[in-house]
file query00.txt (compact mmCIF, C-alpha atoms)
# COMPACT_ATOMS: atom_id res chain seq x y z
CA MET A 295 102.90 208.32 33.85
CA SER A 296 105.24 208.23 30.85
CA VAL A 297 107.70 205.45 30.13
CA LYS A 298 110.50 207.99 30.65
CA ASP A 299 109.28 208.95 34.11
CA ARG A 300 108.84 205.33 35.12
CA PHE A 301 112.29 204.46 33.87
CA LEU A 302 113.96 207.30 35.77
CA ASN A 303 112.11 206.27 38.92
CA TYR A 304 113.10 202.60 38.61
CA ILE A 305 116.79 203.22 37.95
CA SER A 306 117.03 205.29 41.13
CA ILE A 307 116.43 202.08 43.11
CA PHE A 308 119.47 199.92 43.91
CA THR A 309 118.66 196.34 42.87
CA THR A 310 121.98 194.68 42.00
CA SER A 311 121.96 190.90 42.50
CA ASP A 312 124.79 188.90 44.10
CA GLU A 313 125.53 185.28 43.25
CA SER A 314 127.62 184.75 46.38
CA THR A 315 124.78 185.00 48.92
CA GLY A 316 122.98 181.72 48.23
CA THR A 317 119.62 183.31 49.12
CA HIS A 318 116.44 183.76 47.06
CA PRO A 319 116.37 186.53 46.09
CA SER A 320 120.10 186.98 46.24
CA THR A 321 119.73 190.51 47.65
CA MET A 322 116.88 191.84 49.76
CA ARG A 323 117.18 195.26 48.09
CA GLN A 324 115.39 193.84 45.05
CA PHE A 325 112.22 193.91 47.14
CA ASP A 326 112.45 197.73 47.14
CA LEU A 327 111.56 197.82 43.45
CA ALA A 328 109.26 194.80 43.65
CA ARG A 329 107.06 196.53 46.24
CA ILE A 330 106.80 199.63 44.06
CA LEU A 331 105.79 197.50 41.08
CA GLU A 332 103.26 195.55 43.13
CA LYS A 333 101.61 198.80 44.19
CA GLU A 334 101.75 200.28 40.70
CA LEU A 335 100.21 197.24 39.00
CA LYS A 336 97.32 197.36 41.44
CA GLU A 337 96.83 201.10 40.88
CA ILE A 338 96.64 200.81 37.09
CA GLY A 339 94.03 198.06 37.36
CA LEU A 340 95.65 194.63 37.13
CA LEU A 341 94.03 191.77 38.99
CA ASP A 342 95.56 188.96 41.06
CA VAL A 343 98.63 191.07 41.76
CA VAL A 344 101.02 189.33 44.13
CA LEU A 345 104.56 189.75 45.39
CA THR A 346 105.97 186.38 46.45
CA ASP A 347 108.38 185.74 49.29
CA THR A 348 111.09 185.02 46.70
CA CYS A 349 110.58 188.47 45.08
CA TYR A 350 108.53 187.67 41.98
CA VAL A 351 105.76 190.07 40.98
CA TYR A 352 102.76 188.76 39.04
CA GLY A 353 99.64 190.49 37.79
CA ARG A 354 96.82 189.68 35.37
CA ILE A 355 94.96 191.71 32.77
CA PRO A 356 91.73 189.79 32.13
CA ALA A 357 90.48 189.20 28.61
CA THR A 358 87.93 191.64 27.27
CA ALA A 359 84.45 190.41 26.42
CA GLY A 360 84.50 188.09 23.43
CA CYS A 361 88.26 187.41 23.70
CA GLU A 362 88.13 184.80 26.43
CA ASP A 363 89.33 182.10 24.02
CA VAL A 364 92.33 184.09 22.80
CA LYS A 365 95.64 182.56 23.91
CA SER A 366 97.00 183.97 27.15
CA ILE A 367 100.48 185.48 26.97
CA ALA A 368 103.06 186.66 29.49
CA LEU A 369 105.35 189.71 29.35
CA ILE A 370 108.44 189.32 31.50
CA SER A 371 111.32 191.55 32.60
CA HIS A 372 113.84 191.38 35.42
CA MET A 373 114.31 193.83 38.25
CA ASP A 374 117.96 193.22 39.18
CA THR A 375 120.99 194.88 37.65
CA ALA A 376 124.29 193.20 36.86
CA PRO A 377 126.93 192.82 39.58
CA ASP A 378 129.65 193.57 37.00
CA PHE A 379 129.60 197.29 37.86
CA SER A 380 128.08 199.50 40.54
CA GLY A 381 124.32 199.92 40.32
CA GLU A 382 124.00 202.18 43.37
CA ASN A 383 123.31 205.94 43.34
CA VAL A 384 122.67 206.12 39.61
CA LYS A 385 122.88 209.69 38.34
CA PRO A 386 121.57 209.73 34.76
CA GLN A 387 122.47 212.34 32.17
CA ILE A 388 119.46 213.32 30.04
CA ILE A 389 120.45 214.84 26.71
CA GLU A 390 117.58 216.23 24.67
CA ASN A 391 117.98 216.55 20.90
CA TYR A 392 121.21 214.56 21.08
CA ASP A 393 123.67 215.46 18.31
CA GLY A 394 124.94 211.93 17.58
CA LYS A 395 128.49 212.67 18.75
CA ASP A 396 130.72 211.58 21.63
CA VAL A 397 129.29 212.15 25.11
CA VAL A 398 131.42 213.04 28.12
CA LEU A 399 130.15 211.04 31.11
CA GLY A 400 130.12 213.49 33.98
CA ASP A 401 133.44 214.02 35.72
CA SER A 402 134.40 210.34 35.53
CA GLY A 403 136.94 210.77 32.74
CA ARG A 404 134.96 208.32 30.62
CA VAL A 405 133.56 209.12 27.19
CA LEU A 406 130.69 207.39 25.41
CA SER A 407 132.30 207.39 21.98
CA VAL A 408 131.04 206.81 18.46
CA SER A 409 134.13 204.72 17.75
CA ASP A 410 133.10 202.23 20.44
CA PHE A 411 129.33 202.50 19.92
CA PRO A 412 128.71 203.06 16.20
CA GLU A 413 124.93 203.17 16.65
CA LEU A 414 125.20 206.59 18.35
CA PRO A 415 124.87 208.74 15.19
CA SER A 416 121.59 206.96 14.38
CA LEU A 417 120.20 208.23 17.69
CA ALA A 418 120.69 211.89 16.77
CA GLY A 419 117.64 214.04 17.45
CA ARG A 420 116.40 211.77 20.22
CA THR A 421 116.50 212.20 23.99
CA LEU A 422 119.51 210.16 25.07
CA ILE A 423 119.89 208.90 28.64
CA THR A 424 123.40 207.93 29.76
CA THR A 425 125.24 207.37 33.02
CA ASP A 426 127.59 209.87 34.65
CA GLY A 427 130.37 207.30 34.20
CA THR A 428 130.45 206.10 37.81
CA THR A 429 127.68 203.48 37.67
CA LEU A 430 125.76 201.43 35.18
CA LEU A 431 122.42 202.91 34.12
CA GLY A 432 120.04 200.05 34.85
CA ALA A 433 118.36 200.02 31.44
CA ASP A 434 119.10 196.30 31.62
CA ASP A 435 116.37 195.65 32.42
CA LYS A 436 114.49 198.57 33.90
CA ALA A 437 113.83 199.85 30.39
CA GLY A 438 111.97 196.58 29.84
CA VAL A 439 110.12 196.92 33.15
CA ALA A 440 109.10 200.49 32.35
CA ALA A 441 107.92 199.56 28.86
CA ILE A 442 105.78 196.67 30.13
CA VAL A 443 104.13 198.70 32.91
CA THR A 444 103.45 201.60 30.55
CA ALA A 445 102.01 199.33 27.85
CA ALA A 446 99.77 197.63 30.43
CA ASP A 447 98.62 201.02 31.75
CA GLU A 448 97.79 202.34 28.28
CA LEU A 449 96.02 199.13 27.28
CA LEU A 450 93.84 199.17 30.40
CA HIS A 451 92.82 202.74 29.61
CA SER A 452 91.81 201.97 26.04
CA ASP A 453 88.94 200.13 24.36
CA ALA A 454 91.21 197.72 22.45
CA PRO A 455 90.06 194.07 22.64
CA HIS A 456 92.63 191.59 23.94
CA GLY A 457 93.05 188.19 25.52
CA GLU A 458 94.33 187.47 28.99
CA ILE A 459 97.77 188.93 29.66
CA TRP A 460 100.12 188.19 32.52
CA ILE A 461 102.77 190.65 33.67
CA CYS A 462 105.75 189.09 35.45
CA PHE A 463 108.83 190.66 37.02
CA THR A 464 111.68 188.46 38.23
CA PRO A 465 114.75 188.86 40.45
CA ASP A 466 118.26 187.55 39.87
CA GLU A 467 118.27 187.23 36.08
CA GLU A 468 121.77 188.65 35.94
CA ILE A 469 123.13 185.74 37.97
CA GLY A 470 121.20 183.11 35.99
CA GLU A 471 118.60 182.40 38.68
CA GLY A 472 115.59 184.33 37.35
CA PRO A 473 113.49 181.28 36.45
CA ASP A 474 114.43 179.29 39.57
CA HIS A 475 111.25 180.17 41.48
CA PHE A 476 109.08 181.31 38.57
CA GLU A 477 105.57 179.94 39.08
CA LEU A 478 104.39 178.76 35.68
CA ASP A 479 101.34 177.14 37.27
CA ARG A 480 100.24 180.55 38.47
CA ILE A 481 100.03 182.26 35.10
CA HIS A 482 98.77 179.55 32.69
CA ALA A 483 100.13 181.38 29.64
CA ALA A 484 100.52 179.71 26.25
CA TYR A 485 103.74 181.61 25.58
CA GLY A 486 105.61 184.69 26.63
CA TYR A 487 108.13 187.34 25.70
CA THR A 488 111.02 188.55 27.77
CA VAL A 489 111.63 192.26 27.17
CA ASP A 490 115.30 192.49 27.92
CA GLY A 491 117.87 194.44 26.00
CA GLY A 492 118.93 195.26 22.47
CA TYR A 493 117.71 197.37 19.58
CA GLU A 494 113.99 198.21 19.77
CA GLY A 495 113.33 196.31 16.54
CA GLU A 496 115.08 193.17 17.68
CA ILE A 497 113.54 189.78 18.31
CA ALA A 498 115.85 186.98 19.41
CA TYR A 499 115.07 183.32 19.75
CA GLU A 500 118.52 181.79 19.61
CA ASN A 501 120.93 181.94 22.53
CA PHE A 502 124.11 180.28 23.67
CA ASN A 503 124.30 176.81 25.07
CA ALA A 504 126.14 177.48 28.30
CA SER A 505 128.18 175.79 30.98
CA SER A 506 130.77 176.78 33.55
CA ALA A 507 134.01 175.11 34.56
CA LYS A 508 136.09 175.45 37.70
CA ILE A 509 139.62 174.07 37.60
CA THR A 510 141.59 173.66 40.81
CA VAL A 511 145.34 173.06 40.77
CA HIS A 512 147.13 171.77 43.88
CA GLY A 513 150.80 172.61 44.24
CA VAL A 514 153.68 171.82 46.59
CA ASN A 515 155.21 174.78 48.38
CA VAL A 516 158.67 174.76 49.94
CA HIS A 517 161.32 177.41 50.53
CA PRO A 518 162.48 178.58 47.08
CA GLY A 519 166.10 178.02 48.10
CA GLU A 520 165.35 174.32 48.49
CA ALA A 521 162.77 173.95 45.72
CA LYS A 522 164.78 171.92 43.19
CA ASP A 523 162.70 168.87 42.13
CA ILE A 524 160.27 169.46 45.00
CA MET A 525 158.23 172.61 44.35
CA VAL A 526 155.13 172.35 42.18
CA ASN A 527 153.90 175.90 41.51
CA ALA A 528 150.12 175.77 41.17
CA GLY A 529 149.98 179.36 39.93
CA LEU A 530 152.36 178.69 37.04
CA ILE A 531 150.53 175.51 36.07
CA ALA A 532 147.23 177.40 36.03
CA ALA A 533 148.77 180.15 33.92
CA ASP A 534 150.11 177.60 31.43
CA LEU A 535 146.69 176.01 31.14
CA ALA A 536 145.02 179.35 30.45
CA ALA A 537 147.65 180.25 27.85
CA SER A 538 147.18 176.94 26.03
CA LEU A 539 143.57 177.68 25.05
CA PRO A 540 142.87 179.14 21.58
CA LYS A 541 143.42 182.90 21.66
CA ASN A 542 140.84 183.41 18.91
CA GLU A 543 138.11 181.80 21.02
CA THR A 544 137.63 184.46 23.68
CA PRO A 545 134.77 186.98 23.97
CA ALA A 546 137.02 189.76 22.66
CA ALA A 547 137.78 187.81 19.49
CA THR A 548 134.36 186.37 18.61
CA GLU A 549 130.96 187.51 17.35
CA GLY A 550 127.69 186.19 15.95
CA TYR A 551 127.47 182.42 16.27
CA GLU A 552 131.09 182.01 17.40
CA GLY A 553 131.53 180.49 20.83
CA PHE A 554 134.25 181.11 23.39
CA TYR A 555 136.14 180.19 26.53
CA HIS A 556 135.87 183.08 28.98
CA LEU A 557 138.22 183.18 31.95
CA ILE A 558 136.18 185.17 34.45
CA GLU A 559 138.37 184.64 37.50
CA MET A 560 141.90 183.43 38.25
CA GLN A 561 143.44 183.39 41.68
CA GLY A 562 145.97 181.47 43.69
CA ASN A 563 149.55 181.00 44.78
CA VAL A 564 152.18 178.26 44.81
CA GLU A 565 150.08 176.00 47.01
CA LYS A 566 146.73 176.28 45.21
CA ALA A 567 145.27 178.04 42.20
CA THR A 568 141.82 178.16 40.65
CA LEU A 569 140.54 179.08 37.22
CA THR A 570 136.86 179.80 36.62
CA TYR A 571 135.53 179.73 33.06
CA ILE A 572 132.21 180.20 31.38
CA LEU A 573 131.88 178.26 28.14
CA ARG A 574 129.48 179.33 25.40
CA ASP A 575 128.45 178.15 21.94
CA HIS A 576 125.26 178.26 19.90
CA ASP A 577 126.10 174.74 18.67
CA ALA A 578 125.70 172.19 21.46
CA ASP A 579 128.28 169.86 19.91
CA LYS A 580 130.87 172.64 19.79
CA LEU A 581 130.20 173.46 23.44
CA LYS A 582 130.87 169.80 24.24
CA VAL A 583 134.20 170.07 22.41
CA LYS A 584 135.16 173.01 24.62
CA GLN A 585 134.30 171.06 27.73
CA GLU A 586 136.36 168.11 26.49
CA LYS A 587 139.31 170.41 25.70
CA LEU A 588 139.46 171.65 29.29
CA THR A 589 139.08 168.12 30.62
CA GLU A 590 141.98 166.95 28.44
CA LEU A 591 144.21 169.77 29.67
CA VAL A 592 143.50 168.81 33.26
CA ALA A 593 144.32 165.17 32.44
CA LYS A 594 147.67 166.22 30.94
CA ILE A 595 148.53 168.14 34.12
CA ASN A 596 147.86 165.02 36.15
CA GLU A 597 149.98 162.93 33.78
CA GLN A 598 152.89 165.33 34.19
CA TYR A 599 152.68 166.16 37.90
CA GLY A 600 150.82 163.21 39.36
CA GLU A 601 147.20 162.18 39.78
CA GLY A 602 145.18 164.65 41.81
CA THR A 603 147.29 167.68 40.94
CA ALA A 604 144.38 169.19 39.04
CA GLU A 605 140.65 168.64 39.05
CA ILE A 606 137.76 170.07 37.05
CA ALA A 607 134.07 170.55 37.80
CA ILE A 608 131.79 171.37 34.86
CA THR A 609 128.28 172.67 35.51
CA HIS A 610 125.51 172.96 32.93
CA SER A 611 123.90 176.42 32.81
CA TYR A 612 121.29 176.63 30.04
CA ASP A 613 120.46 175.52 26.49
CA ASN A 614 119.67 177.20 23.17
CA MET A 615 115.94 177.94 23.04
CA ILE A 616 115.80 177.58 19.23
CA SER A 617 115.25 173.85 19.56
CA ILE A 618 111.80 174.56 21.03
CA VAL A 619 110.85 177.96 19.62
CA LYS A 620 111.25 176.67 16.05
CA GLU A 621 108.12 174.61 16.68
CA HIS A 622 106.18 177.76 17.66
CA MET A 623 107.27 180.30 15.07
CA GLU A 624 103.86 182.00 15.14
CA ILE A 625 105.03 183.85 18.26
CA VAL A 626 108.06 185.14 16.38
CA HIS A 627 105.91 186.21 13.44
CA LEU A 628 103.53 188.07 15.76
CA ALA A 629 106.44 190.05 17.18
CA GLU A 630 107.80 190.74 13.69
CA ASP A 631 104.40 192.10 12.63
CA ALA A 632 104.30 194.31 15.73
CA ILE A 633 107.75 195.71 14.95
CA ARG A 634 106.89 196.35 11.29
CA ALA A 635 103.73 198.15 12.38
CA GLN A 636 106.06 200.80 13.86
CA GLY A 637 107.81 201.27 10.53
CA ILE A 638 110.84 199.24 11.59
CA GLU A 639 112.27 196.18 9.89
CA PRO A 640 112.78 193.44 12.49
CA VAL A 641 116.32 192.36 13.27
CA THR A 642 116.94 188.78 14.32
CA GLU A 643 120.33 188.05 15.81
CA PRO A 644 121.55 185.28 18.08
CA ILE A 645 121.81 186.30 21.71
CA ARG A 646 125.42 186.13 22.83
CA GLY A 647 124.29 185.19 26.29
CA GLY A 648 121.11 183.91 27.88
CA THR A 649 117.82 185.28 29.16
CA ASP A 650 115.15 184.18 31.59
CA GLY A 651 113.23 183.28 28.44
CA ALA A 652 115.73 180.62 27.43
CA GLN A 653 115.24 178.73 30.68
CA LEU A 654 111.49 179.34 30.76
CA THR A 655 111.24 177.95 27.25
CA PHE A 656 112.63 174.65 28.49
CA LYS A 657 110.25 174.75 31.46
CA GLY A 658 107.29 174.82 29.08
CA LEU A 659 106.78 178.52 28.25
CA PRO A 660 108.15 179.31 24.76
CA CYS A 661 109.62 182.73 25.31
CA PRO A 662 111.67 184.70 22.73
CA ASN A 663 113.25 188.01 23.67
CA LEU A 664 112.31 191.51 22.51
CA GLY A 665 114.68 194.48 22.48
CA THR A 666 114.27 197.51 24.74
CA GLY A 667 116.32 200.06 22.82
CA GLY A 668 119.35 200.01 25.11
CA TYR A 669 123.06 199.53 24.44
CA GLY A 670 126.33 199.12 26.33
CA TYR A 671 124.88 197.05 29.14
CA HIS A 672 126.63 196.00 32.37
CA GLY A 673 128.90 198.99 32.60
CA PRO A 674 129.27 202.78 32.68
CA TYR A 675 128.64 203.16 28.93
CA GLU A 676 125.05 201.92 29.13
CA HIS A 677 122.60 204.16 27.30
CA VAL A 678 119.04 204.24 25.98
CA THR A 679 116.74 206.74 24.29
CA VAL A 680 113.29 207.78 25.38
CA GLU A 681 112.01 207.33 21.84
CA ALA A 682 113.22 203.73 21.75
CA MET A 683 111.35 202.91 24.95
CA GLU A 684 108.24 204.60 23.57
CA THR A 685 108.50 202.43 20.47
CA VAL A 686 108.80 199.30 22.60
CA VAL A 687 105.59 200.29 24.39
CA LYS A 688 103.83 200.42 21.01
CA ILE A 689 105.29 197.06 19.99
CA LEU A 690 104.04 195.45 23.19
CA LYS A 691 100.56 196.95 22.80
CA HIS A 692 100.39 195.62 19.24
CA ILE A 693 101.33 192.15 20.44
CA MET A 694 98.80 192.24 23.27
CA THR A 695 95.95 193.19 20.93
CA HIS A 696 96.76 190.89 18.01
CA VAL A 697 97.10 187.48 19.65
CA ALA A 698 94.98 184.87 17.86
call {"tool": "encode", "arguments": {"input": "query00.txt", "output": "structure tokens"}}
result
Amino acid sequence: MSVKDRFLNYISIFTTSDESTGTHPSTMRQFDLARILEKELKEIGLLDVVLTDTCYVYGRIPATAGCEDVKSIALISHMDTAPDFSGENVKPQIIENYDGKDVVLGDSGRVLSVSDFPELPSLAGRTLITTDGTTLLGADDKAGVAAIVTAADELLHSDAPHGEIWICFTPDEEIGEGPDHFELDRIHAAYGYTVDGGYEGEIAYENFNASSAKITVHGVNVHPGEAKDIMVNAGLIAADLAASLPKNETPAATEGYEGFYHLIEMQGNVEKATLTYILRDHDADKLKVKQEKLTELVAKINEQYGEGTAEIAITHSYDNMISIVKEHMEIVHLAEDAIRAQGIEPVTEPIRGGTDGAQLTFKGLPCPNLGTGGYGYHGPYEHVTVEAMETVVKILKHIMTHVA
């Protein structure tokens, strides 16, 4: 089966995760894809294939004769799609010999435009797969899943020598819980690669340091006609706090290594209001400054309105994997060689987010990220080309057959 056919099959399956459930996996529908992958890995010849009760799929390709001492590696992708936008009833548009121009997304009224996605002209002549504008596509990360399965299938039907390779598919990456029940003791790999998003020639081994902050403001509510010197409007206080943060330190105003405060939810009334932020920075010290800034603002509210008016809870999310990967740069160089073997110059950019690999790196599995050829993730403008996924398959096969 081709990578294209696998991809189209996988995106037809609804696998969106949900951080509000508190279960593992967060949604039982992720098992629908996991069961298909379990069956498929067995059919193409992997050994020790297992689907766990927490929705992780593992399988092993044994080393060929004479390669038993080659380092074992893991290839990892996630099965869930982001809860930011609907991932149900995906209806892809397949555009052969794409002309590199704007694409009308079905009858949704949305347009995939060159002005918003300047890489589009470079995809001219390829087979472009887009959404119909009503859902996300699911290329994050089903393009990665399809590339891994296809590479494993092709490797097992070739005579190429290789070491032991583990294939791993995880749930709940999009809500930051992918590594939570990952069984490192099961796979015994020396290192791994997540295959999760970005240009097909990309290798990333720097990501944000990340935390979240929830601020709760308690107000005093009385009839507005009698509010003089009594009412404390929690909603207005929360709005003032949000407005006091630097306007040039939001996701919409930053790029590259620049960090941000991201207000992801604000709700409330006179009596009570809450602000939920995610805080990001590639520099751990700068992330600490952002945390301190929010803490200081909460302290000022309490000075003005009385102790207990506002409170803040800061939760650590993940760290920048560079601190560990820099001690294992041979895995980066191997990926760079694999990309160059396809006639592409590798691109290394910091991830403006996190991956399963970042957390797995700190659990003992150094794990940079490889691109899948997709763009516009987490929304209706998501798109990928068949040729990009085919290139990723070749990159993965090169890596699997060139491990020292």
call {"tool": "axis_aligned_box", "arguments": {"input": "query00.txt", "around": "stretch 305-318 of chain A", "padding_each_side": "4 Å", "output": "lines of an AutoDock Vina configuration file"}}
result
center_x = 122.0
center_y = 193.5
center_z = 43.5
size_x = 19.2
size_y = 31.6
size_z = 19.2
call {"tool": "closest_atom_pairs", "arguments": {"input": "query00.txt", "of": "stretch 433-530 of chain A", "to": "stretch 657-672 of chain A", "cutoff": "8 Å", "atoms": "all atoms listed in the file", "output": "tab-separated table"}}
result
residue	atom	partner	partner_atom	distance
A:Ala433	CA	A:Gly668	CA	6.4
A:Asp434	CA	A:Tyr671	CA	6.3
A:Ala437	CA	A:Thr666	CA	6.1
A:Gly438	CA	A:Thr666	CA	5.7
A:Ala441	CA	A:Thr666	CA	7.8
A:Leu478	CA	A:Leu659	CA	7.8
A:Ala483	CA	A:Leu659	CA	7.4
A:Ala484	CA	A:Leu659	CA	6.7
A:Tyr485	CA	A:Pro660	CA	5.0
A:Gly486	CA	A:Cys661	CA	4.7
A:Tyr487	CA	A:Cys661	CA	4.9
A:Thr488	CA	A:Asn663	CA	4.7
A:Val489	CA	A:Leu664	CA	4.8
A:Asp490	CA	A:Gly665	CA	5.8
A:Gly491	CA	A:Gly665	CA	4.8
A:Gly492	CA	A:Gly665	CA	4.3
A:Tyr493	CA	A:Gly667	CA	4.4
A:Glu494	CA	A:Gly667	CA	4.3
A:Gly495	CA	A:Gly665	CA	6.4
A:Glu496	CA	A:Gly665	CA	5.0
A:Ile497	CA	A:Leu664	CA	4.7
A:Ala498	CA	A:Asn663	CA	5.1
A:Tyr499	CA	A:Pro662	CA	4.7
call {"tool": "closest_residue", "arguments": {"input": "query00.txt", "among": "A:Phe301, A:Phe308, A:Phe379, A:Phe502", "to": "A:Gly648", "atoms": "only C-alpha atoms"}}
result
A:Phe502
call {"tool": "closest_residue", "arguments": {"input": "query00.txt", "among": "A:Thr655, A:Asn383, A:Thr321, A:Ser371", "to": "A:Ile307", "atoms": "all atoms listed in the file"}}
result
A:Asn383
call {"tool": "closest_residue", "arguments": {"input": "query00.txt", "among": "A:Asn503, A:Thr685, A:Ser538, A:Thr695", "to": "A:Thr609", "atoms": "all atoms listed in the file"}}
result
A:Asn503
call {"tool": "closest_residue", "arguments": {"input": "query00.txt", "among": "A:Glu471, A:Glu500, A:Glu413, A:Glu458", "to": "A:Asn614", "atoms": "all atoms listed in the file"}}
result
A:Glu500
call {"tool": "residues_near_point", "arguments": {"input": "query00.txt", "point": "(133.3, 204.7, 28.3)", "cutoff": "8 Å", "atoms": "all atoms listed in the file", "output": "short mmCIF file (atom, residue, chain, number, x, y, z; two decimals) with C-alpha atoms, in the frame of the given file"}}
result
data_model
loop_
_atom_site.label_atom_id
_atom_site.label_comp_id
_atom_site.auth_asym_id
_atom_site.auth_seq_id
_atom_site.Cartn_x
_atom_site.Cartn_y
_atom_site.Cartn_z
CA LEU A 399 130.15 211.04 31.11
CA ARG A 404 134.96 208.32 30.62
CA VAL A 405 133.56 209.12 27.19
CA LEU A 406 130.69 207.39 25.41
CA SER A 407 132.30 207.39 21.98
CA GLY A 427 130.37 207.30 34.20
CA PRO A 674 129.27 202.78 32.68
CA TYR A 675 128.64 203.16 28.93
#
call {"tool": "closest_residue", "arguments": {"input": "query00.txt", "among": "A:His677, A:Lys508, A:Lys522, A:Lys584", "to": "A:Leu557", "atoms": "all atoms listed in the file"}}
result
A:Lys508
call {"tool": "residues_around", "arguments": {"input": "query00.txt", "residues": "A:Ile606", "least_positions_apart": "4", "cutoff": "8 Å", "atoms": "all atoms listed in the file", "output": "number ranges by chain"}}
result
A: 507-510, 589, 592
call {"tool": "closest_residue", "arguments": {"input": "query00.txt", "among": "A:Gly316, A:Gly457, A:Leu327, A:Phe656", "to": "A:Val364", "atoms": "all atoms listed in the file"}}
result
A:Gly457
call {"tool": "residues_around", "arguments": {"input": "query00.txt", "residues": "A:Pro465", "least_positions_apart": "2", "cutoff": "7 Å", "atoms": "only C-alpha atoms", "output": "list of chain:residue names"}}
result
A:Pro319, A:Gln324, A:Cys349, A:Tyr350, A:His372, A:Met373, A:Asp374, A:Glu467, A:Gly472
call {"tool": "decode", "arguments": {"input": "query00.txt", "residues": "stretch 440-456 of chain A", "atoms": "N, CA and C atoms", "output": "PDB file, in the first residue's frame"}}
result
ATOM      1  N   ALA A 440       1.672   7.437   8.598  1.00  0.00           N
ATOM      2  CA  ALA A 440       1.681   6.784   7.285  1.00  0.00           C
ATOM      3  C   ALA A 440       3.095   6.595   6.764  1.00  0.00           C
ATOM      4  N   ALA A 441       3.954   7.593   6.980  1.00  0.00           N
ATOM      5  CA  ALA A 441       5.336   7.486   6.506  1.00  0.00           C
ATOM      6  C   ALA A 441       6.085   6.382   7.239  1.00  0.00           C
ATOM      7  N   ILE A 442       5.884   6.276   8.545  1.00  0.00           N
ATOM      8  CA  ILE A 442       6.576   5.244   9.324  1.00  0.00           C
ATOM      9  C   ILE A 442       6.132   3.849   8.910  1.00  0.00           C
ATOM     10  N   VAL A 443       4.813   3.639   8.795  1.00  0.00           N
ATOM     11  CA  VAL A 443       4.315   2.307   8.427  1.00  0.00           C
ATOM     12  C   VAL A 443       4.799   1.931   7.034  1.00  0.00           C
ATOM     13  N   THR A 444       4.769   2.876   6.112  1.00  0.00           N
ATOM     14  CA  THR A 444       5.202   2.595   4.744  1.00  0.00           C
ATOM     15  C   THR A 444       6.687   2.293   4.691  1.00  0.00           C
ATOM     16  N   ALA A 445       7.497   3.063   5.423  1.00  0.00           N
ATOM     17  CA  ALA A 445       8.939   2.808   5.457  1.00  0.00           C
ATOM     18  C   ALA A 445       9.229   1.431   6.049  1.00  0.00           C
ATOM     19  N   ALA A 446       8.513   1.068   7.125  1.00  0.00           N
ATOM     20  CA  ALA A 446       8.705  -0.246   7.736  1.00  0.00           C
ATOM     21  C   ALA A 446       8.325  -1.356   6.756  1.00  0.00           C
ATOM     22  N   ASP A 447       7.216  -1.176   6.060  1.00  0.00           N
ATOM     23  CA  ASP A 447       6.751  -2.161   5.079  1.00  0.00           C
ATOM     24  C   ASP A 447       7.788  -2.351   3.975  1.00  0.00           C
ATOM     25  N   GLU A 448       8.279  -1.256   3.425  1.00  0.00           N
ATOM     26  CA  GLU A 448       9.251  -1.345   2.335  1.00  0.00           C
ATOM     27  C   GLU A 448      10.567  -1.950   2.812  1.00  0.00           C
ATOM     28  N   LEU A 449      10.984  -1.608   4.028  1.00  0.00           N
ATOM     29  CA  LEU A 449      12.229  -2.163   4.560  1.00  0.00           C
ATOM     30  C   LEU A 449      12.115  -3.677   4.736  1.00  0.00           C
ATOM     31  N   LEU A 450      10.979  -4.125   5.257  1.00  0.00           N
ATOM     32  CA  LEU A 450      10.796  -5.554   5.504  1.00  0.00           C
ATOM     33  C   LEU A 450      10.683  -6.359   4.209  1.00  0.00           C
ATOM     34  N   HIS A 451      10.416  -5.679   3.109  1.00  0.00           N
ATOM     35  CA  HIS A 451      10.340  -6.360   1.824  1.00  0.00           C
ATOM     36  C   HIS A 451      11.551  -6.035   0.949  1.00  0.00           C
ATOM     37  N   SER A 452      12.656  -5.746   1.604  1.00  0.00           N
ATOM     38  CA  SER A 452      13.910  -5.493   0.896  1.00  0.00           C
ATOM     39  C   SER A 452      15.006  -6.353   1.517  1.00  0.00           C
ATOM     40  N   ASP A 453      16.184  -6.306   0.919  1.00  0.00           N
ATOM     41  CA  ASP A 453      17.330  -7.056   1.441  1.00  0.00           C
ATOM     42  C   ASP A 453      18.293  -6.153   2.201  1.00  0.00           C
ATOM     43  N   ALA A 454      17.894  -4.928   2.491  1.00  0.00           N
ATOM     44  CA  ALA A 454      18.797  -3.966   3.134  1.00  0.00           C
ATOM     45  C   ALA A 454      19.117  -4.392   4.565  1.00  0.00           C
ATOM     46  N   PRO A 455      20.392  -4.423   4.936  1.00  0.00           N
ATOM     47  CA  PRO A 455      20.754  -4.755   6.328  1.00  0.00           C
ATOM     48  C   PRO A 455      20.397  -3.607   7.262  1.00  0.00           C
ATOM     49  N   HIS A 456      20.029  -3.951   8.507  1.00  0.00           N
ATOM     50  CA  HIS A 456      19.635  -2.924   9.464  1.00  0.00           C
ATOM     51  C   HIS A 456      19.668  -3.493  10.870  1.00  0.00           C
TER      52      HIS A 456
END
